[in-house]
Amino acid sequence: MDEAKRSALNEFWINLKTAPGQIYRAMFRGGAPVSDRTRSSFVFGNVFLHLHSVRTHLWSLKWSTTMGLGLITTAAFLITLVTGILLMFYYKPYPDVAYQSIKDIHFIVPTGRFMRNIHRWAANVMVVAVILHMARAFYTASYRKPREFNWFIGWGLLVTTLALSFTGYLLPWDQLAYWAITIGANIAQSPREITDAMGITEYFDIGGLQREILLGSEIVGEESLIRFYLLHVMILPLILAMLMAVHFWRIRKDGGLAKPKNVDELVAADQKEHYPVFTEAPQKTYQLAAVVKGKTPAVGSGPENTVPSMPHLFYAELGVLMFTVLICFILAFVSDAPLKELANPLVPENPAKAPWYFLGLQEIVSFSAFMGGIGIPMLCWIGLGLIPFLDKETEGTGEWFGGPGGAKLVGWSALYGFATSIAVEAFAIRFGWLREWFPDIPQLVITFVNPGTVITVLYAAFSIWVLRRFNSTRAGALALFTCFLAGFIVLTVIGTHFRGPNWDFFWSPSHWPGH
Amino acid sequence: MTTTPGEKQSRFDPEPMPRRDFLGLAALGTMIAAFVVSLFGMLKLPKAAVSASPSKKYKVLLPDALPEGEAFIPPGRNVAIYRDGEGVYALSTVCTHLGCIVKANAKGFECPCHGSGFAKDGVVTKGPAPTALPWLKVTGGAGVYTIDEDSHVKAGTKV
Ligand code: HEM
Ligand code: FES
């Protein structure tokens, strides 16, 4: 009796002492990741990590394959998530009060300004990274079968990312925010340019409806702020997170990242530097190959040049995360997020500029609201989404600038893209456009013939010429994508740097009157 | 005894459409129907029946000493009211391009956002604005006028 009692007490004591270890083992059942087997279970035993496959191809780990751009985007998103939640402690989505709460965050809340700066900078990093990541997926022809669907998901991610930035821009409720959103909301209304010209706005006012649903009212007011807030902190992040999960899962299901045909020779040199493959020489089974359709990584691809994801891939991912955090920290240290005066619906900010990545659009919007704000962006967006279905060639998949024409074609296309957009813009800035020459010209003519549409048509014509010349859809796609990228850069730079008050041309912001 | 295919011989024979499939499909169908109906409800929610916009009709006291050709701007409104020999009239100062507020200048109006220019009577002279600045309905007299921003009148209408 006495002895039993003592031993139960004893056992309790031992249990208590070993509890931390037990909890740890209950959580991580596989044990330390030291062998091939435990390294695998480290991945598939974890709900978050198992979006990865347990082994990663050496090609995917090469810096030149991805430049880590998708990961930088992910990291920037995580940073905005954390800092955004912190900002929500103090932010109040009500006109005027919102402005004061941002001021409080900026000047009173401990670390508030730093958090706000990081949030702002990470959002910018995310936009840059997502655009570059898309360009890399395009230039390495990684969108091809079986990755068409993942390109599609990425296409959704691009729009969601831009929408997140746009909705966030209103929240400080300062002059910059107010007038950028006024312009944005009126772009949503701009189909009226067409319906007005046809005289059917009374019966079919899609533009007005879009604007009203976006703003919840006829003006940018409290209803609009709460809508933008809801979109910014709930709806869009949820959509983004879901799309990201699908995006990552599909990478795995599509057999990892796209690889060139001769990938085995290409990674042969790297192979020796890495942790030896299959130290324990496991029995390879082909059961998977029997149930999974198509070219899974294990089917017919010779020696598997893979290494365990833990540690090779995960340490690389952590490295990219730390790098992105560092960049955002440095930027947040050296540059404060802007905050202008309180929003004033009577006096527009002059110039009223949207976030920089929309200034290219604002530049063509300054010729025609509908074409610049809806027509041309829609065309680009639909074109982007269709790329994998319009180019189904196989040459050059997984290679930088792969496909007929290659890097040389991209170079020439970039030159053409830059030259035409600069020339058309310079002409319009120097000589004006149709309305200045023919004051009575109908609006519909300007809607369809303006610098934005002229550049678009010139790009399309060039790409069709390239497509025929090389007799290759990939060559046409390379030309078109490169042209639009160049046009985007030119217009964005003009909108950001060369446009001042009244949207007039200035060689530098230091020449602005009154500045 | 001859049998035709699908004719029921015993309760163990397969039914033409298995009962489970039928019930399953029925459940699926009602679920989709319910989902579509509730989706309509949800889609209707974001558009309020009465828009939370401020009133666009208001009274204005016009100063007696308003010089001809100079705009009177009622406090907090984006409207320019003029008086000349023929009467009183009002123009909206919301740019028809993308909604910035235009400023009066010697020639008429100019917009700070994308440089649209308008003549004194609101007609577009320059820039991207698709239509003229609208003339607003003015009623009343003897210094007290009612402006209705929602009803536009023909350019040149003065009271
Ligand atoms: C929030 C936005 C996005 C995130 C977080 C994201 C993340 C990623 C990550 C982590 C990868 C793995 C390879 C890498 O790091 O580059 C990847 C691959 C890929 N992404 Fe994205 N992405 C985003 C947007 C996009 C967009 C806009 C597109 C194109 C329209 C796109 C198309 C692809 C494709 C096709 C792959 C597979 C590439 C290959 O197989 O080589 N993604 N993405
Ligand atoms: S809003 Fe007036 S020119 Fe664009």
# chains A, B, ... in the order shown; residues from 1 in each chain; ligands from 1
>>> interface_residues(of="chain B", to="chain A", cutoff="12 Å", atoms="only C-alpha atoms", output="PyMOL selection string")
chain B and resi 43-56+73-79+93-103+109-119+123-132+150
>>> residues_around(residues="region 52-69 of chain A", least_positions_apart="4", cutoff="7 Å", atoms="only C-alpha atoms", output="ChimeraX atom specification")
/A:40,43-44,73,129,132-133,136,252,257,267,305-309,313,320
>>> write_last_selection(atoms="all heavy atoms", output="compact mmCIF listing (two decimals), in the first residue's frame")
# COMPACT_ATOMS: atom_id res chain seq x y z
N SER A 40 11.66 13.24 -44.58
CA SER A 40 10.40 13.20 -45.31
C SER A 40 9.23 13.43 -44.36
O SER A 40 8.35 14.24 -44.63
CB SER A 40 10.22 11.86 -46.01
OG SER A 40 11.28 11.66 -46.89
N VAL A 43 8.29 16.81 -43.39
CA VAL A 43 7.48 17.58 -44.33
C VAL A 43 6.03 17.12 -44.32
O VAL A 43 5.11 17.90 -44.11
CB VAL A 43 8.06 17.46 -45.76
CG1 VAL A 43 7.22 18.27 -46.73
CG2 VAL A 43 9.50 17.91 -45.78
N PHE A 44 5.82 15.81 -44.53
CA PHE A 44 4.42 15.40 -44.70
C PHE A 44 3.70 15.28 -43.37
O PHE A 44 2.48 15.13 -43.34
CB PHE A 44 4.29 14.12 -45.55
CG PHE A 44 4.88 12.88 -44.97
CD1 PHE A 44 4.36 12.30 -43.84
CD2 PHE A 44 5.96 12.25 -45.61
CE1 PHE A 44 4.90 11.14 -43.32
CE2 PHE A 44 6.50 11.10 -45.09
CZ PHE A 44 5.98 10.55 -43.94
N THR A 73 7.47 37.49 -52.82
CA THR A 73 6.07 37.92 -52.78
C THR A 73 5.38 37.34 -51.55
O THR A 73 4.67 38.05 -50.82
CB THR A 73 5.33 37.44 -54.04
OG1 THR A 73 6.16 37.64 -55.17
CG2 THR A 73 4.05 38.20 -54.24
N ALA A 129 7.48 42.57 -56.62
CA ALA A 129 7.88 41.17 -56.72
C ALA A 129 6.88 40.36 -57.53
O ALA A 129 7.27 39.50 -58.32
CB ALA A 129 8.05 40.58 -55.32
N LEU A 132 7.48 41.04 -61.19
CA LEU A 132 8.71 40.40 -61.67
C LEU A 132 8.54 38.87 -61.70
O LEU A 132 9.03 38.21 -62.62
CB LEU A 132 9.88 40.77 -60.77
CG LEU A 132 10.30 42.24 -60.84
CD1 LEU A 132 11.45 42.51 -59.88
CD2 LEU A 132 10.72 42.60 -62.27
N HIS A 133 7.84 38.34 -60.71
CA HIS A 133 7.63 36.90 -60.65
C HIS A 133 6.82 36.43 -61.87
O HIS A 133 7.13 35.41 -62.49
CB HIS A 133 6.91 36.56 -59.35
CG HIS A 133 6.35 35.18 -59.29
ND1 HIS A 133 7.14 34.06 -59.27
CD2 HIS A 133 5.07 34.73 -59.24
CE1 HIS A 133 6.36 32.98 -59.22
NE2 HIS A 133 5.11 33.37 -59.20
N ARG A 136 9.07 36.43 -64.77
CA ARG A 136 9.98 35.29 -64.81
C ARG A 136 9.23 34.01 -65.22
O ARG A 136 9.73 33.24 -66.03
CB ARG A 136 10.74 35.18 -63.51
CG ARG A 136 10.50 34.11 -62.52
CD ARG A 136 10.91 32.74 -62.86
NE ARG A 136 10.15 31.91 -61.93
CZ ARG A 136 9.80 30.67 -62.09
NH1 ARG A 136 10.15 30.02 -63.15
NH2 ARG A 136 9.08 30.07 -61.21
N ARG A 252 3.38 21.62 -56.65
CA ARG A 252 3.72 20.27 -56.29
C ARG A 252 3.03 19.26 -57.20
O ARG A 252 3.65 18.32 -57.70
CB ARG A 252 3.30 20.05 -54.84
CG ARG A 252 3.78 18.78 -54.31
CD ARG A 252 3.32 18.56 -52.90
NE ARG A 252 3.33 17.13 -52.72
CZ ARG A 252 2.94 16.53 -51.63
NH1 ARG A 252 2.49 17.22 -50.63
NH2 ARG A 252 2.99 15.23 -51.56
N LEU A 257 8.75 22.69 -60.26
CA LEU A 257 8.88 23.80 -61.20
C LEU A 257 9.22 23.28 -62.59
O LEU A 257 9.74 22.17 -62.74
CB LEU A 257 9.98 24.75 -60.73
CG LEU A 257 9.74 25.40 -59.36
CD1 LEU A 257 10.80 26.43 -59.08
CD2 LEU A 257 8.36 26.03 -59.30
N VAL A 267 22.23 20.00 -64.10
CA VAL A 267 22.44 20.01 -62.66
C VAL A 267 23.51 19.01 -62.23
O VAL A 267 23.80 18.88 -61.04
CB VAL A 267 21.15 19.72 -61.86
CG1 VAL A 267 20.14 20.82 -62.10
CG2 VAL A 267 20.59 18.37 -62.21
N ASN A 305 17.34 13.89 -59.84
CA ASN A 305 18.29 14.79 -59.22
C ASN A 305 17.62 15.60 -58.13
O ASN A 305 17.50 16.81 -58.21
CB ASN A 305 18.89 15.71 -60.26
CG ASN A 305 19.90 14.97 -61.10
OD1 ASN A 305 20.77 14.29 -60.56
ND2 ASN A 305 19.76 15.05 -62.41
N THR A 306 17.14 14.89 -57.10
CA THR A 306 16.45 15.59 -56.03
C THR A 306 17.22 15.49 -54.73
O THR A 306 18.02 14.58 -54.54
CB THR A 306 15.04 15.02 -55.80
OG1 THR A 306 15.17 13.66 -55.42
CG2 THR A 306 14.20 15.13 -57.05
N VAL A 307 16.93 16.44 -53.85
CA VAL A 307 17.50 16.42 -52.50
C VAL A 307 16.34 16.60 -51.53
O VAL A 307 15.29 17.11 -51.91
CB VAL A 307 18.53 17.55 -52.31
CG1 VAL A 307 19.79 17.28 -53.09
CG2 VAL A 307 17.94 18.88 -52.69
N PRO A 308 16.52 16.23 -50.26
CA PRO A 308 15.41 16.40 -49.32
C PRO A 308 15.05 17.88 -49.17
O PRO A 308 15.93 18.73 -49.07
CB PRO A 308 15.96 15.85 -48.00
CG PRO A 308 17.11 14.99 -48.39
CD PRO A 308 17.68 15.57 -49.63
N SER A 309 13.74 18.17 -49.14
CA SER A 309 13.31 19.56 -48.98
C SER A 309 13.79 20.12 -47.65
O SER A 309 14.11 21.29 -47.52
CB SER A 309 11.80 19.65 -49.05
OG SER A 309 11.36 19.20 -50.30
N LEU A 313 15.51 23.02 -49.22
CA LEU A 313 14.54 24.02 -49.67
C LEU A 313 14.14 24.96 -48.53
O LEU A 313 14.09 26.18 -48.70
CB LEU A 313 13.30 23.32 -50.22
CG LEU A 313 12.17 24.25 -50.64
CD1 LEU A 313 12.63 25.20 -51.73
CD2 LEU A 313 10.96 23.47 -51.12
N VAL A 320 15.22 33.64 -47.86
CA VAL A 320 14.50 34.65 -48.63
C VAL A 320 13.59 35.47 -47.71
O VAL A 320 13.50 36.70 -47.82
CB VAL A 320 13.67 33.99 -49.75
CG1 VAL A 320 12.77 35.01 -50.42
CG2 VAL A 320 14.59 33.33 -50.76
>>> residues_near_ligand(ligand="ligand 1", cutoff="7 Å", atoms="only C-alpha atoms and all ligand atoms", output="ChimeraX atom specification")
/A:66-71,73-74,130-131,133-134,137,142-143,147-148,150-158,161,240,244,247-248,251,256-258,384-385,398
>>> select_by_dssp(residues="chain B", states="strand (DSSP E)", output="PyMOL selection string")
chain B and resi 57-61+79-84+87-92+103-104+108-110+117-119+124-126+135-141+144-153
>>> atom_distance(atom1="CA of Asp254 (chain A)", atom2="CA of Leu49 (chain A)")
17.1 Å
>>> decode(residues="region 87-102 of chain A", atoms="N, CA, C and O atoms", output="JSON list (two decimals), in the first residue's frame")
[["chain", "number", "residue", "atom", "x", "y", "z"],
["A", 87, "LEU", "N", -1.66, 47.20, -36.93],
["A", 87, "LEU", "CA", -2.24, 48.53, -37.19],
["A", 87, "LEU", "C", -3.73, 48.55, -36.84],
["A", 87, "LEU", "O", -4.27, 49.57, -36.43],
["A", 88, "MET", "N", -4.39, 47.40, -36.99],
["A", 88, "MET", "CA", -5.82, 47.35, -36.71],
["A", 88, "MET", "C", -6.16, 47.60, -35.25],
["A", 88, "MET", "O", -7.30, 47.89, -34.92],
["A", 89, "PHE", "N", -5.16, 47.49, -34.37],
["A", 89, "PHE", "CA", -5.41, 47.80, -32.97],
["A", 89, "PHE", "C", -5.87, 49.25, -32.81],
["A", 89, "PHE", "O", -6.64, 49.56, -31.92],
["A", 90, "TYR", "N", -5.36, 50.15, -33.65],
["A", 90, "TYR", "CA", -5.63, 51.57, -33.44],
["A", 90, "TYR", "C", -6.44, 52.21, -34.55],
["A", 90, "TYR", "O", -7.01, 53.26, -34.36],
["A", 91, "TYR", "N", -6.48, 51.59, -35.73],
["A", 91, "TYR", "CA", -7.12, 52.24, -36.86],
["A", 91, "TYR", "C", -8.63, 52.24, -36.71],
["A", 91, "TYR", "O", -9.22, 51.22, -36.35],
["A", 92, "LYS", "N", -9.27, 53.37, -37.02],
["A", 92, "LYS", "CA", -10.74, 53.45, -36.93],
["A", 92, "LYS", "C", -11.29, 53.86, -38.30],
["A", 92, "LYS", "O", -11.01, 54.97, -38.76],
["A", 93, "PRO", "N", -12.08, 52.99, -38.94],
["A", 93, "PRO", "CA", -12.51, 53.27, -40.31],
["A", 93, "PRO", "C", -13.70, 54.22, -40.35],
["A", 93, "PRO", "O", -14.81, 53.83, -40.68],
["A", 94, "TYR", "N", -13.50, 55.46, -40.00],
["A", 94, "TYR", "CA", -14.57, 56.45, -40.12],
["A", 94, "TYR", "C", -13.94, 57.75, -40.59],
["A", 94, "TYR", "O", -12.89, 58.13, -40.09],
["A", 95, "PRO", "N", -14.55, 58.42, -41.57],
["A", 95, "PRO", "CA", -13.91, 59.62, -42.14],
["A", 95, "PRO", "C", -13.45, 60.57, -41.04],
["A", 95, "PRO", "O", -14.11, 60.69, -40.01],
["A", 96, "ASP", "N", -12.40, 61.28, -41.29],
["A", 96, "ASP", "CA", -11.81, 62.23, -40.34],
["A", 96, "ASP", "C", -11.22, 61.52, -39.12],
["A", 96, "ASP", "O", -10.06, 61.73, -38.78],
["A", 97, "VAL", "N", -12.02, 60.66, -38.45],
["A", 97, "VAL", "CA", -11.48, 59.90, -37.33],
["A", 97, "VAL", "C", -10.35, 59.01, -37.83],
["A", 97, "VAL", "O", -9.32, 58.84, -37.17],
["A", 98, "ALA", "N", -10.54, 58.45, -39.03],
["A", 98, "ALA", "CA", -9.52, 57.58, -39.60],
["A", 98, "ALA", "C", -8.19, 58.34, -39.72],
["A", 98, "ALA", "O", -7.13, 57.83, -39.35],
["A", 99, "TYR", "N", -8.29, 59.56, -40.20],
["A", 99, "TYR", "CA", -7.08, 60.36, -40.37],
["A", 99, "TYR", "C", -6.40, 60.59, -39.03],
["A", 99, "TYR", "O", -5.18, 60.42, -38.90],
["A", 100, "GLN", "N", -7.22, 60.93, -38.01],
["A", 100, "GLN", "CA", -6.63, 61.14, -36.68],
["A", 100, "GLN", "C", -5.99, 59.87, -36.16],
["A", 100, "GLN", "O", -4.93, 59.91, -35.53],
["A", 101, "SER", "N", -6.63, 58.73, -36.42],
["A", 101, "SER", "CA", -6.07, 57.49, -35.87],
["A", 101, "SER", "C", -4.75, 57.15, -36.56],
["A", 101, "SER", "O", -3.83, 56.63, -35.91],
["A", 102, "ILE", "N", -4.63, 57.48, -37.83],
["A", 102, "ILE", "CA", -3.35, 57.24, -38.50],
["A", 102, "ILE", "C", -2.30, 58.18, -37.91],
["A", 102, "ILE", "O", -1.15, 57.80, -37.68]]
